[in-house]
Amino acid sequence: MGKYLERSKEVRACTDPHYNCAQGVFVPFAEVCGVDEKKAFDIAAHFGAGMKCGSVCGAITGGLMVLGAIGAGQDQYKAFMDGMRANHEGCIDCFDLLKMMKEKGEDKATHCNNMVFEAVALLEDILNMK
């Protein structure tokens, strides 16, 4: 397990404060993104639950924040987005992902944690940062 994935699991286990999905991805990468963890927490605050309206999954937006902050190019963006889509029948919106999760009888907390951990692991692979 990479150090970013390990840190992501730590923050997602935290209940006070609660880390949303975007924070669960962005905060572990804070230092390489040039911000401290508090600032990363604040930046990603309104991106969980699909920007609080069921839009693009917070784990995905958190990953895009990381890619943007480190100056990653189109190839890394495409690899990240293709990877996330491939594992979820092309869906990237929180609303649709949660609907699929419910139809499969999965637990929401487990599903959301898995989305976060998947995004972090994919970033670690794409950026060779394990």
# chains A, B, ... in the order shown; residues from 1 in each chain; ligands from 1

call {"tool": "residues_around", "arguments": {"residues": "A:Ala86", "least_positions_apart": "6", "cutoff": "12 Å", "atoms": "only C-alpha atoms", "output": "list in words"}}
result
Lys78, Ala79, Phe80, Ile92, Glu118 and Leu122 of chain A

call {"tool": "residues_around", "arguments": {"residues": "stretch 59-65 of chain A", "least_positions_apart": "5", "cutoff": "7 Å", "atoms": "only C-alpha atoms", "output": "list in words"}}
result
Cys21, Ala22, Gln23, Val25, Phe26, Ala44, Phe47, Met115, Val116 and Ala119 of chain A

call {"tool": "residues_around", "arguments": {"residues": "A:Phe41", "least_positions_apart": "3", "cutoff": "10 Å", "atoms": "only C-alpha atoms", "output": "list in words"}}
result
Pro17, Tyr19, Asn20, Ala22, Gln23, Gly24, Val25, Phe26, Val27, Pro28, Ala30, Val35, Asp36, Glu37, Lys38, Ala44, Ala45 and His46 of chain A

call {"tool": "write_last_selection", "arguments": {"atoms": "all heavy atoms", "output": "CSV table (one decimal), in the first residue's frame"}}
result
chain,number,residue,atom,x,y,z
A,17,PRO,N,-12.8,15.9,12.4
A,17,PRO,CA,-13.9,16.2,11.5
A,17,PRO,C,-14.1,15.0,10.5
A,17,PRO,O,-13.2,14.2,10.3
A,17,PRO,CB,-13.4,17.4,10.8
A,17,PRO,CG,-11.9,17.2,10.7
A,17,PRO,CD,-11.6,16.5,12.1
A,19,TYR,N,-14.2,13.7,6.8
A,19,TYR,CA,-13.6,14.1,5.5
A,19,TYR,C,-14.5,13.5,4.4
A,19,TYR,O,-14.7,12.3,4.3
A,19,TYR,CB,-12.2,13.4,5.4
A,19,TYR,CG,-11.1,14.0,6.2
A,19,TYR,CD1,-11.1,13.8,7.6
A,19,TYR,CD2,-10.1,14.7,5.6
A,19,TYR,CE1,-10.1,14.4,8.4
A,19,TYR,CE2,-9.1,15.3,6.4
A,19,TYR,CZ,-9.1,15.1,7.7
A,19,TYR,OH,-8.1,15.7,8.5
A,20,ASN,N,-15.0,14.4,3.5
A,20,ASN,CA,-15.8,14.0,2.4
A,20,ASN,C,-14.9,13.3,1.4
A,20,ASN,O,-13.7,13.2,1.6
A,20,ASN,CB,-16.6,15.1,1.8
A,20,ASN,CG,-15.8,16.2,1.1
A,20,ASN,OD1,-14.8,15.8,0.4
A,20,ASN,ND2,-16.1,17.4,1.2
A,22,ALA,N,-13.9,14.1,-1.7
A,22,ALA,CA,-12.9,14.9,-2.3
A,22,ALA,C,-11.8,15.2,-1.3
A,22,ALA,O,-10.6,15.1,-1.7
A,22,ALA,CB,-13.5,16.2,-2.8
A,23,GLN,N,-12.1,15.4,-0.1
A,23,GLN,CA,-11.1,15.6,0.9
A,23,GLN,C,-10.2,14.4,1.1
A,23,GLN,O,-9.0,14.4,1.4
A,23,GLN,CB,-11.7,16.1,2.2
A,23,GLN,CG,-12.3,17.5,2.1
A,23,GLN,CD,-13.2,17.8,3.3
A,23,GLN,OE1,-14.0,16.9,3.7
A,23,GLN,NE2,-13.2,19.1,3.7
A,24,GLY,N,-10.9,13.2,1.1
A,24,GLY,CA,-10.2,12.0,1.3
A,24,GLY,C,-9.2,11.7,0.2
A,24,GLY,O,-8.3,10.9,0.5
A,25,VAL,N,-9.4,12.2,-0.9
A,25,VAL,CA,-8.4,12.1,-2.0
A,25,VAL,C,-7.3,13.2,-2.0
A,25,VAL,O,-6.1,13.0,-2.0
A,25,VAL,CB,-9.1,12.0,-3.4
A,25,VAL,CG1,-8.0,12.0,-4.5
A,25,VAL,CG2,-10.0,10.8,-3.5
A,26,PHE,N,-7.8,14.5,-1.8
A,26,PHE,CA,-6.9,15.6,-2.0
A,26,PHE,C,-6.0,15.8,-0.8
A,26,PHE,O,-4.8,16.1,-0.9
A,26,PHE,CB,-7.7,16.9,-2.2
A,26,PHE,CG,-6.9,18.1,-2.6
A,26,PHE,CD1,-6.1,18.1,-3.7
A,26,PHE,CD2,-7.1,19.3,-1.9
A,26,PHE,CE1,-5.3,19.2,-4.0
A,26,PHE,CE2,-6.4,20.4,-2.3
A,26,PHE,CZ,-5.5,20.4,-3.3
A,27,VAL,N,-6.5,15.6,0.4
A,27,VAL,CA,-5.7,15.9,1.7
A,27,VAL,C,-4.4,15.0,1.7
A,27,VAL,O,-3.4,15.6,2.0
A,27,VAL,CB,-6.6,15.7,2.9
A,27,VAL,CG1,-5.7,15.7,4.2
A,27,VAL,CG2,-7.6,16.9,3.0
A,28,PRO,N,-4.5,13.7,1.4
A,28,PRO,CA,-3.2,13.0,1.5
A,28,PRO,C,-2.1,13.5,0.5
A,28,PRO,O,-0.9,13.3,0.8
A,28,PRO,CB,-3.6,11.5,1.1
A,28,PRO,CG,-5.1,11.5,1.4
A,28,PRO,CD,-5.6,12.9,1.2
A,30,ALA,N,-1.7,16.7,-0.1
A,30,ALA,CA,-1.5,18.1,0.1
A,30,ALA,C,-0.1,18.6,-0.1
A,30,ALA,O,0.1,19.6,-0.7
A,30,ALA,CB,-2.0,18.5,1.5
A,35,VAL,N,0.3,22.7,-0.6
A,35,VAL,CA,-0.6,23.3,0.5
A,35,VAL,C,-0.5,22.4,1.7
A,35,VAL,O,-0.1,21.2,1.6
A,35,VAL,CB,-2.1,23.4,0.0
A,35,VAL,CG1,-2.2,24.4,-1.1
A,35,VAL,CG2,-2.7,22.1,-0.3
A,36,ASP,N,-0.8,23.0,2.9
A,36,ASP,CA,-0.9,22.1,4.0
A,36,ASP,C,-2.2,21.4,4.1
A,36,ASP,O,-3.1,21.7,3.3
A,36,ASP,CB,-0.6,22.9,5.3
A,36,ASP,CG,-1.6,24.0,5.6
A,36,ASP,OD1,-2.8,23.8,5.3
A,36,ASP,OD2,-1.3,25.1,6.1
A,37,GLU,N,-2.3,20.4,5.0
A,37,GLU,CA,-3.5,19.6,5.0
A,37,GLU,C,-4.7,20.4,5.4
A,37,GLU,O,-5.8,20.1,4.9
A,37,GLU,CB,-3.3,18.4,6.0
A,37,GLU,CG,-2.4,17.3,5.4
A,37,GLU,CD,-2.5,16.0,6.2
A,37,GLU,OE1,-3.4,15.9,7.1
A,37,GLU,OE2,-1.8,15.1,5.8
A,38,LYS,N,-4.6,21.4,6.2
A,38,LYS,CA,-5.8,22.2,6.6
A,38,LYS,C,-6.3,23.0,5.4
A,38,LYS,O,-7.5,23.0,5.1
A,38,LYS,CB,-5.4,23.2,7.7
A,38,LYS,CG,-6.4,24.3,8.0
A,38,LYS,CD,-7.7,23.7,8.7
A,38,LYS,CE,-8.6,24.8,9.2
A,38,LYS,NZ,-9.8,25.1,8.4
A,44,ALA,N,-11.2,21.4,-0.6
A,44,ALA,CA,-12.1,20.3,-1.1
A,44,ALA,C,-13.4,20.3,-0.4
A,44,ALA,O,-14.2,19.4,-0.7
A,44,ALA,CB,-11.3,19.0,-1.0
A,45,ALA,N,-13.6,21.2,0.5
A,45,ALA,CA,-14.8,21.1,1.4
A,45,ALA,C,-16.2,21.0,0.7
A,45,ALA,O,-17.1,20.3,1.1
A,45,ALA,CB,-14.8,22.3,2.4
A,46,HIS,N,-16.3,21.6,-0.4
A,46,HIS,CA,-17.6,21.7,-1.1
A,46,HIS,C,-17.7,20.8,-2.3
A,46,HIS,O,-18.6,21.0,-3.2
A,46,HIS,CB,-18.0,23.1,-1.4
A,46,HIS,CG,-18.0,24.0,-0.2
A,46,HIS,ND1,-19.0,23.9,0.7
A,46,HIS,CD2,-17.2,25.0,0.2
A,46,HIS,CE1,-18.8,24.7,1.7
A,46,HIS,NE2,-17.7,25.4,1.4

call {"tool": "residues_around", "arguments": {"residues": "stretch 98-103 of chain A", "least_positions_apart": "6", "cutoff": "10 Å", "atoms": "only C-alpha atoms", "output": "PyMOL selection string"}}
result
chain A and resi 49+54+57+88-89+91+110-112

call {"tool": "closest_residue", "arguments": {"among": "A:Cys14, A:Val32, A:Leu97, A:Met81", "to": "A:Met129", "atoms": "only C-alpha atoms"}}
result
A:Val32

call {"tool": "closest_residue", "arguments": {"among": "A:Asn114, A:Cys33, A:Leu67, A:Asp82", "to": "A:Leu127", "atoms": "only C-alpha atoms"}}
result
A:Leu67

call {"tool": "atom_distance", "arguments": {"atom1": "atom CA of A:Arg85", "atom2": "atom CA of A:Val56"}}
result
11.5 Å

call {"tool": "select_by_dssp", "arguments": {"residues": "stretch 78-113 of chain A", "states": "helix (DSSP H, G or I)", "output": "list in words"}}
result
Lys78, Ala79, Phe80, Met81, Asp82, Gly83, Met84, Arg85, Ala86, Cys94, Phe95, Asp96, Leu97, Leu98, Lys99, Met100, Met101, Lys102, Glu103, Lys108, Ala109, Thr110, His111, Cys112 and Asn113 of chain A

call {"tool": "write_last_selection", "arguments": {"atoms": "C-alpha atoms", "output": "compact mmCIF listing (two decimals), in the first residue's frame"}}
result
# COMPACT_ATOMS: atom_id res chain seq x y z
CA LYS A 78 -7.00 10.84 -19.50
CA ALA A 79 -5.44 7.88 -17.66
CA PHE A 80 -7.19 8.90 -14.44
CA MET A 81 -10.59 9.50 -16.00
CA ASP A 82 -10.42 6.38 -18.17
CA GLY A 83 -9.47 4.32 -15.13
CA MET A 84 -12.32 5.62 -13.02
CA ARG A 85 -14.87 5.21 -15.82
CA ALA A 86 -13.69 1.69 -16.64
CA CYS A 94 -22.28 10.65 -7.60
CA PHE A 95 -26.03 10.29 -8.14
CA ASP A 96 -25.60 7.54 -10.75
CA LEU A 97 -22.86 5.77 -8.80
CA LEU A 98 -25.00 5.71 -5.66
CA LYS A 99 -27.99 4.46 -7.65
CA MET A 100 -25.88 1.61 -9.05
CA MET A 101 -24.56 0.87 -5.57
CA LYS A 102 -28.07 0.68 -4.15
CA GLU A 103 -29.25 -1.62 -6.95
CA LYS A 108 -23.03 3.54 0.98
CA ALA A 109 -20.12 4.14 3.37
CA THR A 110 -18.21 1.17 1.97
CA HIS A 111 -18.94 2.25 -1.60
CA CYS A 112 -17.78 5.83 -1.01
CA ASN A 113 -14.64 4.71 0.82

call {"tool": "closest_residue", "arguments": {"among": "A:Asp42, A:Asp125, A:Glu106, A:Asp93", "to": "A:Tyr4", "atoms": "only C-alpha atoms"}}
result
A:Asp125

call {"tool": "atom_distance", "arguments": {"atom1": "atom CA of A:Met1", "atom2": "atom CA of A:Ala121"}}
result
8.4 Å
